[in-house]
>>> print(open('coords.txt').read())   # compact mmCIF, C-alpha atoms
# COMPACT_ATOMS: atom_id res chain seq x y z
CA MET A 1 -15.54 16.99 -7.11
CA SER A 2 -14.94 19.90 -9.51
CA PHE A 3 -12.98 19.36 -12.71
CA SER A 4 -10.17 21.69 -11.54
CA LEU A 5 -9.77 19.77 -8.27
CA PHE A 6 -9.86 16.43 -10.11
CA VAL A 7 -7.08 17.46 -12.49
CA ALA A 8 -4.99 18.94 -9.66
CA ARG A 9 -5.29 15.74 -7.66
CA ARG A 10 -4.31 13.64 -10.66
CA HIS A 11 -1.25 15.83 -11.29
CA LEU A 12 0.00 15.41 -7.73
CA PHE A 13 -0.99 11.92 -6.68
CA SER A 14 -1.07 9.88 -9.89
CA ARG A 15 0.99 6.70 -9.62
CA LYS A 16 2.59 7.48 -12.96
CA SER A 17 3.64 10.89 -11.74
CA ARG A 18 7.23 10.48 -10.52
CA SER A 19 9.43 13.48 -11.21
CA VAL A 20 11.59 16.16 -9.61
CA VAL A 21 8.44 18.30 -9.42
CA ASN A 22 6.81 15.78 -7.11
CA LEU A 23 9.95 15.75 -4.98
CA ILE A 24 9.73 19.53 -4.69
CA ALA A 25 6.06 19.19 -3.75
CA GLY A 26 7.07 16.68 -1.07
CA VAL A 27 9.57 19.15 0.36
CA SER A 28 6.80 21.77 0.50
CA VAL A 29 4.61 19.30 2.38
CA VAL A 30 7.38 18.85 4.96
CA ALA A 31 7.92 22.63 5.13
CA VAL A 32 4.24 23.10 6.02
CA ALA A 33 4.06 20.09 8.33
CA VAL A 34 6.91 21.18 10.63
CA PRO A 35 5.41 24.52 11.80
CA VAL A 36 1.98 22.91 12.07
CA MET A 37 3.44 20.23 14.33
CA ALA A 38 5.16 22.96 16.36
CA LEU A 39 1.91 24.92 16.66
CA VAL A 40 -0.10 21.93 17.85
CA SER A 41 2.58 20.77 20.28
CA ILE A 42 3.37 24.17 21.81
CA LEU A 43 -0.29 25.17 22.15
CA SER A 44 -1.01 21.82 23.82
CA PHE A 45 1.87 22.42 26.25
CA HIS A 46 0.54 25.91 26.94
CA ASN A 47 -2.96 24.55 27.55
CA GLY A 48 -1.52 22.05 29.99
CA LEU A 49 0.37 24.74 31.89
CA GLY A 50 -2.73 26.95 31.94
CA GLU A 51 -4.82 24.09 33.31
CA PHE A 52 -2.13 23.35 35.88
CA ILE A 53 -2.04 26.99 37.03
CA GLY A 54 -5.83 27.03 37.37
CA ARG A 55 -5.82 23.78 39.34
CA MET A 56 -2.93 25.00 41.48
CA TYR A 57 -4.65 28.23 42.49
CA SER A 58 -7.94 26.40 43.07
CA GLU A 59 -6.16 24.77 46.02
CA PHE A 60 -5.26 28.16 47.48
CA ASP A 61 -7.98 30.61 46.40
CA SER A 62 -11.65 30.18 47.27
CA GLU A 63 -14.33 30.09 44.59
CA ILE A 64 -15.68 33.44 45.83
CA ARG A 65 -14.11 36.01 48.15
CA VAL A 66 -15.97 38.84 49.91
CA THR A 67 -13.96 41.84 51.11
CA PRO A 68 -14.95 45.34 52.31
CA ARG A 69 -14.70 48.19 49.82
CA GLU A 70 -13.53 50.55 52.54
CA GLY A 71 -11.09 49.62 55.26
CA ARG A 72 -9.27 46.36 55.90
CA PHE A 73 -11.56 44.70 58.44
CA PHE A 74 -15.29 44.34 58.98
CA ASP A 75 -17.76 42.65 61.31
CA GLY A 76 -18.45 39.44 59.41
CA ASP A 77 -21.10 37.75 61.57
CA THR A 78 -24.16 39.40 60.01
CA VAL A 79 -22.82 39.15 56.46
CA ARG A 80 -21.82 35.53 56.96
CA ARG A 81 -25.31 34.56 58.13
CA ARG A 82 -26.83 36.16 55.02
CA ILE A 83 -24.51 34.25 52.75
CA GLU A 84 -24.98 30.92 54.50
CA THR A 85 -28.74 31.07 53.83
CA LEU A 86 -28.17 31.16 50.05
CA ALA A 87 -29.06 28.00 48.15
CA GLU A 88 -25.95 28.41 45.97
CA VAL A 89 -23.52 28.31 48.91
CA GLU A 90 -22.05 25.14 50.39
CA CYS A 91 -19.67 26.51 53.01
CA VAL A 92 -18.28 29.83 54.29
CA GLY A 93 -14.94 30.41 56.03
CA THR A 94 -13.30 33.54 57.45
CA THR A 95 -9.80 35.00 57.22
CA VAL A 96 -7.88 37.67 59.10
CA GLU A 97 -4.85 38.98 57.20
CA GLN A 98 -2.06 41.12 58.61
CA PRO A 99 1.57 41.78 57.58
CA VAL A 100 3.96 40.32 60.16
CA LEU A 101 7.66 40.02 60.85
CA LEU A 102 8.92 36.47 61.39
CA THR A 103 12.17 35.69 63.20
CA TYR A 104 13.78 32.27 63.49
CA GLY A 105 17.33 31.33 64.40
CA GLY A 106 18.61 34.88 63.98
CA ARG A 107 16.96 35.30 60.54
CA GLN A 108 14.05 37.59 59.67
CA TRP A 109 11.34 37.64 57.01
CA VAL A 110 8.31 39.84 56.35
CA ALA A 111 5.23 37.76 55.51
CA LEU A 112 1.47 38.03 55.29
CA MET A 113 -0.26 36.22 58.14
CA ARG A 114 -3.57 34.61 57.19
CA GLY A 115 -5.66 33.59 60.17
CA VAL A 116 -8.30 31.03 59.25
CA ASP A 117 -11.14 29.31 61.06
CA SER A 118 -12.04 25.62 61.14
CA ALA A 119 -14.34 25.95 58.10
CA TYR A 120 -11.53 27.26 55.90
CA ARG A 121 -10.17 23.78 55.12
CA GLN A 122 -13.62 22.86 53.75
CA VAL A 123 -13.58 25.90 51.44
CA VAL A 124 -9.96 25.67 50.26
CA PRO A 125 -8.19 22.28 50.14
CA ILE A 126 -4.96 23.70 51.54
CA GLU A 127 -4.03 20.31 53.02
CA ARG A 128 -3.23 19.01 49.52
CA LEU A 129 -0.33 21.47 49.30
CA ILE A 130 1.43 20.25 52.45
CA VAL A 131 4.84 18.80 51.58
CA GLN A 132 6.29 18.48 55.06
CA GLY A 133 4.58 17.94 58.39
CA LYS A 134 0.80 18.42 58.53
CA TYR A 135 -1.87 21.07 58.37
CA ARG A 136 -2.84 21.81 61.97
CA LEU A 137 -3.43 25.19 63.60
CA ARG A 138 -3.71 25.91 67.33
CA SER A 139 -4.22 29.29 68.99
CA GLU A 140 -3.51 27.94 72.47
CA GLU A 141 -0.24 26.65 73.85
CA PRO A 142 1.55 25.15 72.10
CA VAL A 143 0.65 27.63 69.33
CA GLU A 144 1.11 26.18 65.82
CA ILE A 145 1.76 27.71 62.42
CA VAL A 146 1.91 26.47 58.80
CA ILE A 147 4.37 28.27 56.54
CA GLY A 148 5.29 28.32 52.86
CA GLN A 149 8.23 26.46 51.41
CA GLY A 150 9.93 29.70 50.35
CA ILE A 151 9.73 31.11 53.88
CA ALA A 152 10.97 27.82 55.34
CA TYR A 153 13.98 27.89 53.02
CA THR A 154 14.79 31.54 53.85
CA LEU A 155 14.53 31.08 57.61
CA GLY A 156 15.97 27.57 57.69
CA VAL A 157 12.83 26.09 59.28
CA GLN A 158 12.36 22.35 59.78
CA THR A 159 9.12 20.98 61.23
CA ALA A 160 11.10 18.32 63.12
CA LEU A 161 12.93 20.96 65.15
CA PRO A 162 11.30 22.24 68.37
CA GLU A 163 12.47 25.87 67.98
CA PRO A 164 9.45 28.20 67.54
CA ILE A 165 8.99 31.06 65.08
CA ARG A 166 8.58 34.47 66.67
CA ILE A 167 5.76 36.55 65.14
CA TYR A 168 5.62 40.35 65.37
CA ALA A 169 2.48 42.21 64.27
CA LEU A 170 2.26 46.00 64.43
CA ARG A 171 -0.38 47.15 66.89
CA PRO A 172 -3.25 49.26 65.50
CA GLY A 173 -2.48 52.97 65.57
CA SER A 174 1.29 52.47 65.83
CA GLY A 175 1.97 53.69 62.29
CA ASN A 176 3.27 51.86 59.26
CA THR A 177 7.03 52.20 59.68
CA SER A 178 8.98 49.07 60.58
CA PHE A 179 11.68 51.02 62.47
CA LEU A 180 9.87 50.88 65.79
CA PRO A 181 10.61 49.42 69.22
CA THR A 182 9.33 45.90 69.76
CA THR A 183 7.04 47.20 72.53
CA LEU A 184 4.76 48.57 69.78
CA TYR A 185 4.24 45.07 68.38
CA ASN A 186 1.89 42.28 69.38
CA THR A 187 4.00 39.14 69.55
CA ALA A 188 3.58 35.39 69.72
CA SER A 189 5.72 32.28 69.43
CA ALA A 190 4.43 29.48 67.23
CA ARG A 191 5.83 26.05 66.43
CA PRO A 192 5.98 25.29 62.67
CA VAL A 193 4.09 22.03 62.19
CA GLY A 194 3.57 22.12 58.41
CA ILE A 195 5.16 23.44 55.21
CA TYR A 196 3.15 23.94 52.02
CA ALA A 197 4.36 24.47 48.43
CA LEU A 198 2.49 26.25 45.64
CA ASP A 199 4.55 28.77 43.68
CA GLU A 200 7.50 30.95 44.59
CA GLN A 201 5.47 34.12 45.00
CA THR A 202 2.80 32.54 47.21
CA ASP A 203 4.79 30.26 49.47
CA SER A 204 7.33 33.02 50.10
CA ARG A 205 4.55 35.30 51.30
CA TYR A 206 1.78 33.57 53.26
CA VAL A 207 1.76 31.86 56.66
CA PHE A 208 -1.33 30.29 58.21
CA VAL A 209 -2.37 30.55 61.84
CA ALA A 210 -5.62 30.02 63.74
CA SER A 211 -8.06 32.93 63.43
CA ASP A 212 -8.14 33.58 67.20
CA LEU A 213 -4.38 34.09 67.24
CA ALA A 214 -4.54 36.30 64.13
CA ARG A 215 -7.25 38.50 65.69
CA ARG A 216 -5.15 38.93 68.85
CA LEU A 217 -2.02 39.83 66.90
CA ALA A 218 -3.84 42.13 64.45
CA GLY A 219 -5.97 43.70 67.20
CA THR A 220 -9.15 43.44 65.12
CA ARG A 221 -11.48 42.87 68.12
CA GLY A 222 -13.46 40.12 66.43
CA LYS A 223 -13.45 41.63 62.94
CA ILE A 224 -12.26 39.76 59.85
CA SER A 225 -10.57 40.54 56.53
CA SER A 226 -12.63 38.40 54.16
CA LEU A 227 -15.23 35.70 53.78
CA GLU A 228 -14.18 32.71 51.68
CA ILE A 229 -17.01 30.83 49.96
CA ARG A 230 -17.37 27.41 48.39
CA LEU A 231 -20.33 26.94 46.06
CA ARG A 232 -22.55 23.91 45.80
CA GLU A 233 -21.71 21.44 43.06
CA GLY A 234 -23.07 22.49 39.69
CA ILE A 235 -23.33 26.20 40.54
CA SER A 236 -21.32 28.42 38.19
CA ALA A 237 -19.02 31.14 39.52
CA GLU A 238 -21.10 33.80 37.77
CA ALA A 239 -24.37 32.62 39.32
CA GLY A 240 -22.74 32.33 42.73
CA CYS A 241 -21.21 35.82 42.55
CA ASN A 242 -24.55 37.35 41.52
CA ALA A 243 -26.36 35.69 44.42
CA VAL A 244 -23.72 36.76 46.93
CA ARG A 245 -23.68 40.36 45.62
CA GLN A 246 -27.43 40.63 46.13
CA ALA A 247 -27.06 39.28 49.67
CA VAL A 248 -24.18 41.50 50.85
CA GLY A 249 -25.01 44.77 49.07
CA ASP A 250 -22.77 47.46 47.58
CA ALA A 251 -20.48 47.85 50.58
CA PHE A 252 -18.49 44.73 49.64
CA ASP A 253 -16.42 43.51 46.72
CA VAL A 254 -17.38 40.01 45.55
CA LYS A 255 -14.74 38.32 43.38
CA SER A 256 -14.63 34.93 41.71
CA ARG A 257 -11.44 32.87 41.62
CA PHE A 258 -10.68 34.26 38.16
CA GLU A 259 -11.12 37.84 39.37
CA GLN A 260 -8.88 37.23 42.39
CA LYS A 261 -6.03 36.28 40.02
CA GLU A 262 -7.32 38.12 36.95
CA THR A 263 -3.87 39.35 35.91
CA VAL A 264 -2.42 35.83 35.94
CA TYR A 265 -5.29 34.24 34.01
CA ARG A 266 -5.41 37.05 31.44
CA MET A 267 -1.67 36.83 30.95
CA VAL A 268 -1.92 33.09 30.28
CA ALA A 269 -4.69 33.66 27.71
CA GLN A 270 -2.79 36.49 25.99
CA GLU A 271 0.41 34.46 25.87
CA LYS A 272 -1.44 31.76 23.97
CA TRP A 273 -2.48 34.18 21.21
CA VAL A 274 1.01 35.67 21.04
CA ILE A 275 2.44 32.16 20.59
CA TYR A 276 -0.14 31.42 17.90
CA LEU A 277 0.59 34.60 15.94
CA LEU A 278 4.37 34.15 16.14
CA LEU A 279 4.22 30.55 14.96
CA MET A 280 1.71 31.46 12.24
CA PHE A 281 4.30 33.94 10.99
CA VAL A 282 6.79 31.05 10.80
CA ALA A 283 4.16 28.97 9.02
CA ALA A 284 3.60 31.81 6.54
CA ILE A 285 7.33 31.88 5.72
CA ALA A 286 7.34 28.11 5.31
CA ALA A 287 4.25 28.31 3.09
CA LEU A 288 6.16 30.53 0.66
CA SER A 289 7.82 27.32 -0.53
CA LEU A 290 4.50 26.73 -2.29
CA VAL A 291 5.46 29.44 -4.78
CA GLY A 292 8.30 27.31 -6.11
CA SER A 293 6.17 24.18 -6.12
CA VAL A 294 3.33 25.80 -8.07
CA VAL A 295 5.76 27.39 -10.54
CA MET A 296 7.54 24.08 -11.13
CA LEU A 297 4.24 22.25 -11.52
CA ALA A 298 3.07 24.81 -14.05
CA ALA A 299 6.34 24.50 -16.00
CA ASP A 300 6.18 20.71 -15.91
CA LYS A 301 2.59 20.70 -17.16
CA GLU A 302 2.98 23.48 -19.73
CA ARG A 303 2.35 21.13 -22.65
CA ASP A 304 -0.75 19.70 -20.94
CA SER A 305 -1.94 23.24 -20.27
CA ASP A 306 -1.63 24.19 -23.94
CA ILE A 307 -3.62 21.09 -24.92
CA LEU A 308 -6.33 21.96 -22.39
CA LEU A 309 -6.57 25.51 -23.79
CA ALA A 310 -6.79 24.14 -27.32
CA MET A 311 -9.67 21.89 -26.27
CA GLY A 312 -11.70 24.88 -25.02
CA GLY A 313 -10.34 25.32 -21.54
CA THR A 314 -9.83 28.79 -20.12
CA LYS A 315 -6.99 30.47 -18.29
CA ARG A 316 -9.28 30.86 -15.31
CA MET A 317 -9.61 27.08 -15.23
CA LEU A 318 -5.81 26.74 -15.26
CA VAL A 319 -5.56 29.21 -12.39
CA ARG A 320 -7.99 27.09 -10.38
CA ILE A 321 -6.09 23.88 -11.21
CA PHE A 322 -2.72 25.19 -10.05
CA ALA A 323 -4.29 26.92 -7.06
CA TRP A 324 -5.86 23.62 -6.06
CA GLU A 325 -2.50 21.90 -6.40
CA GLY A 326 -1.01 24.37 -3.91
CA ILE A 327 -3.97 23.87 -1.58
CA LEU A 328 -3.60 20.08 -1.77
CA ILE A 329 0.09 20.36 -0.90
CA THR A 330 -0.85 22.60 2.05
CA ALA A 331 -3.60 20.23 3.17
CA SER A 332 -1.19 17.29 3.06
CA GLY A 333 1.30 19.24 5.17
CA VAL A 334 -1.42 20.26 7.63
CA ALA A 335 -2.64 16.66 7.96
CA ALA A 336 0.88 15.34 8.53
CA GLY A 337 1.74 18.13 10.98
CA MET A 338 -1.49 17.67 12.95
CA ALA A 339 -0.91 13.92 13.23
CA LEU A 340 2.68 14.43 14.39
CA GLY A 341 1.74 17.22 16.82
CA VAL A 342 -1.13 15.30 18.39
CA GLY A 343 1.01 12.16 18.53
CA PHE A 344 3.86 13.98 20.28
CA ALA A 345 1.47 15.62 22.74
CA GLY A 346 -0.07 12.22 23.46
CA LEU A 347 3.37 10.70 24.11
CA GLN A 348 4.23 13.58 26.43
CA LYS A 349 0.98 13.09 28.34
CA SER A 350 1.52 9.35 28.68
CA PHE A 351 5.26 9.13 29.27
CA GLY A 352 6.41 12.65 30.24
CA LEU A 353 9.19 12.82 27.64
CA ILE A 354 10.12 16.44 28.48
CA ARG A 355 10.83 16.89 32.18
CA MET A 356 10.69 20.05 34.26
CA SER A 357 14.13 21.45 35.06
CA GLY A 358 15.08 21.51 38.71
CA GLU A 359 13.18 19.94 41.59
CA THR A 360 9.51 20.58 42.21
CA PHE A 361 6.91 19.02 44.44
CA LEU A 362 4.10 19.92 42.05
CA MET A 363 4.93 18.15 38.78
CA GLU A 364 7.82 16.33 37.16
CA ALA A 365 6.98 16.63 33.46
CA TYR A 366 5.37 19.38 31.41
CA PRO A 367 1.58 18.90 31.32
CA VAL A 368 -0.31 18.93 28.01
CA ARG A 369 -3.94 19.29 26.98
CA ILE A 370 -5.15 19.05 23.38
CA GLU A 371 -8.11 21.26 22.49
CA TRP A 372 -10.23 20.92 19.37
CA PHE A 373 -10.41 24.70 19.08
CA ASP A 374 -6.62 24.88 18.76
CA LEU A 375 -6.59 22.20 16.08
CA THR A 376 -9.29 24.10 14.19
CA ILE A 377 -7.56 27.49 14.23
CA VAL A 378 -4.19 25.94 13.34
CA ALA A 379 -5.59 23.97 10.40
CA GLY A 380 -7.82 26.82 9.24
CA GLY A 381 -5.08 29.46 9.52
CA VAL A 382 -2.44 27.46 7.64
CA LEU A 383 -4.92 26.38 4.94
CA LEU A 384 -5.94 30.00 4.40
CA LEU A 385 -2.29 31.04 4.10
CA GLY A 386 -1.51 28.21 1.70
CA GLY A 387 -4.63 28.83 -0.38
CA ALA A 388 -3.93 32.57 -0.66
CA ILE A 389 -0.29 32.03 -1.68
CA SER A 390 -1.21 29.32 -4.18
CA ALA A 391 -4.01 31.36 -5.76
CA ALA A 392 -1.81 34.47 -6.03
CA THR A 393 1.02 32.45 -7.60
CA ALA A 394 -1.25 30.72 -10.10
CA ALA A 395 -2.88 34.01 -11.10
CA GLY A 396 0.55 35.59 -11.61
CA LEU A 397 1.68 32.71 -13.82
CA MET A 398 -1.36 33.03 -16.07
CA LYS A 399 -0.82 36.78 -16.45
CA ARG A 400 2.74 36.16 -17.58
CA LYS A 401 1.54 33.42 -19.93
CA ALA A 402 -0.75 35.97 -21.55
>>> encode(input="coords.txt", output="structure tokens")
Amino acid sequence: MSFSLFVARRHLFSRKSRSVVNLIAGVSVVAVAVPVMALVSILSFHNGLGEFIGRMYSEFDSEIRVTPREGRFFDGDTVRRRIETLAEVECVGTTVEQPVLLTYGGRQWVALMRGVDSAYRQVVPIERLIVQGKYRLRSEEPVEIVIGQGIAYTLGVQTALPEPIRIYALRPGSGNTSFLPTTLYNTASARPVGIYALDEQTDSRYVFVASDLARRLAGTRGKISSLEIRLREGISAEAGCNAVRQAVGDAFDVKSRFEQKETVYRMVAQEKWVIYLLLMFVAAIAALSLVGSVVMLAADKERDSDILLAMGGTKRMLVRIFAWEGILITASGVAAGMALGVGFAGLQKSFGLIRMSGETFLMEAYPVRIEWFDLTIVAGGVLLLGGAISAATAAGLMKRKA
């Protein structure tokens, strides 16, 4: 321990040191601890929400998706066989997507029909999202459909009711306008047997039907929209994408789960840094209380400072002593804030103190996840701020003393 640090520690934490100055130092500790606690808690909440979003979309998006670069549909048999021979691939499913008009009980809704084969449920665990009824798709009478919770709410659908949903899909070559006679649509009636819930945007958009029915309605003549791939355990998304790209060639886009929802994941990551910078600004304002603490400490120890100078000490040594005192106050505030923030996050994780507003099938309380990286950047950032303010204040005091 350096002499400057030793003296600074004795000034602050000596048992005989009980004065208004120490009370002011205690207030500064609290002023630093509060934003540190807020940083740790809010970043932990954000991590939990980010993890929840990733887990949520992992139950709807495949690990890897293959789509044609040109056109909407392609002959997937040859491409699928190439992919299935890869050592990195566990399972491959197919989808046929087509915008459709749904009618039910006099109400209408435009949705995106996703026709899936029997292997799809092995690639994407869509069954986990079912909140009413069950996941079952039939392309023969009685035809069955699984819809999103948002669509069910809009149309007033209940799986217990026998009334079918009428599906209208525009025939190929009929144009893109929706103001057309119904004779230009392929139609089908399907009984809703299951309702899934994910997020408002997704479950107000997608309906699931059997791939045979989707091909008939879309008029694809055996072609598909995409191949959905699940990788073997232990295979990274990057390695899997590289292997699939080599197998399918340049005519196809190969996207990982992150790339399929790149905007969402990037937004979550950017929000975290925005939160960090905003709260660090609050911490910087709170750390300005160190100026008063260092000034009061210097005034309280002016006589001791003069004695130290008379004994051969230097002004540079005094600068270091008072700078260290500010750093110690900051470190105490950081330690207290980290302990409170981690403790609060732990209580939230265990007991769900803060509940989600409204009703949701997905979670009741805000999720949290504590990351060591967050603790490091919070502690490091606040200590740097406190150290810089303390050093600048101490140097200014010594210049005035001169």
>>> residues_around(input="coords.txt", residues="A:Phe3", least_positions_apart="2", cutoff="10 Å", atoms="all atoms listed in the file", output="VMD selection string")
chain A and resid 1 5 to 9 317 320 to 321
>>> atom_distance(input="coords.txt", atom1="atom CA of A:Ala365", atom2="atom CA of A:Ser58")
20.3 Å
>>> residues_around(input="coords.txt", residues="A:Glu84", least_positions_apart="5", cutoff="12 Å", atoms="all atoms listed in the file", output="list in words")
Gly76, Asp77, Thr78, Val79, Val89, Glu90, Cys91, Val92, Gly93, Leu227, Glu228, Ile229, Arg230, Leu231, Arg232, Ala243, Val244, Ala247 and Val248 of chain A
>>> closest_residue(input="coords.txt", among="A:Pro35, A:Gly26, A:Gly115, A:Gly326", to="A:Met338", atoms="only C-alpha atoms")
A:Pro35
>>> residues_around(input="coords.txt", residues="A:Asp75", least_positions_apart="2", cutoff="12 Å", atoms="only C-alpha atoms", output="CSV table (one decimal) with C-alpha atoms, in the coordinates of the input")
chain,number,residue,atom,x,y,z
A,67,THR,CA,-14.0,41.8,51.1
A,68,PRO,CA,-15.0,45.3,52.3
A,71,GLY,CA,-11.1,49.6,55.3
A,72,ARG,CA,-9.3,46.4,55.9
A,73,PHE,CA,-11.6,44.7,58.4
A,77,ASP,CA,-21.1,37.8,61.6
A,78,THR,CA,-24.2,39.4,60.0
A,79,VAL,CA,-22.8,39.2,56.5
A,80,ARG,CA,-21.8,35.5,57.0
A,81,ARG,CA,-25.3,34.6,58.1
A,94,THR,CA,-13.3,33.5,57.4
A,95,THR,CA,-9.8,35.0,57.2
A,96,VAL,CA,-7.9,37.7,59.1
A,220,THR,CA,-9.2,43.4,65.1
A,221,ARG,CA,-11.5,42.9,68.1
A,222,GLY,CA,-13.5,40.1,66.4
A,223,LYS,CA,-13.4,41.6,62.9
A,224,ILE,CA,-12.3,39.8,59.8
A,225,SER,CA,-10.6,40.5,56.5
A,226,SER,CA,-12.6,38.4,54.2
A,227,LEU,CA,-15.2,35.7,53.8
A,252,PHE,CA,-18.5,44.7,49.6
>>> closest_residue(input="coords.txt", among="A:Val66, A:Ala197, A:Lys315, A:Ala379", to="A:Asp253", atoms="all atoms listed in the file")
A:Val66
>>> closest_residue(input="coords.txt", among="A:Ala237, A:Val100, A:Val124, A:Ala269", to="A:Tyr206", atoms="only C-alpha atoms")
A:Val100
>>> closest_residue(input="coords.txt", among="A:Asp117, A:Glu127, A:Glu271, A:Asp374", to="A:Leu213", atoms="only C-alpha atoms")
A:Asp117
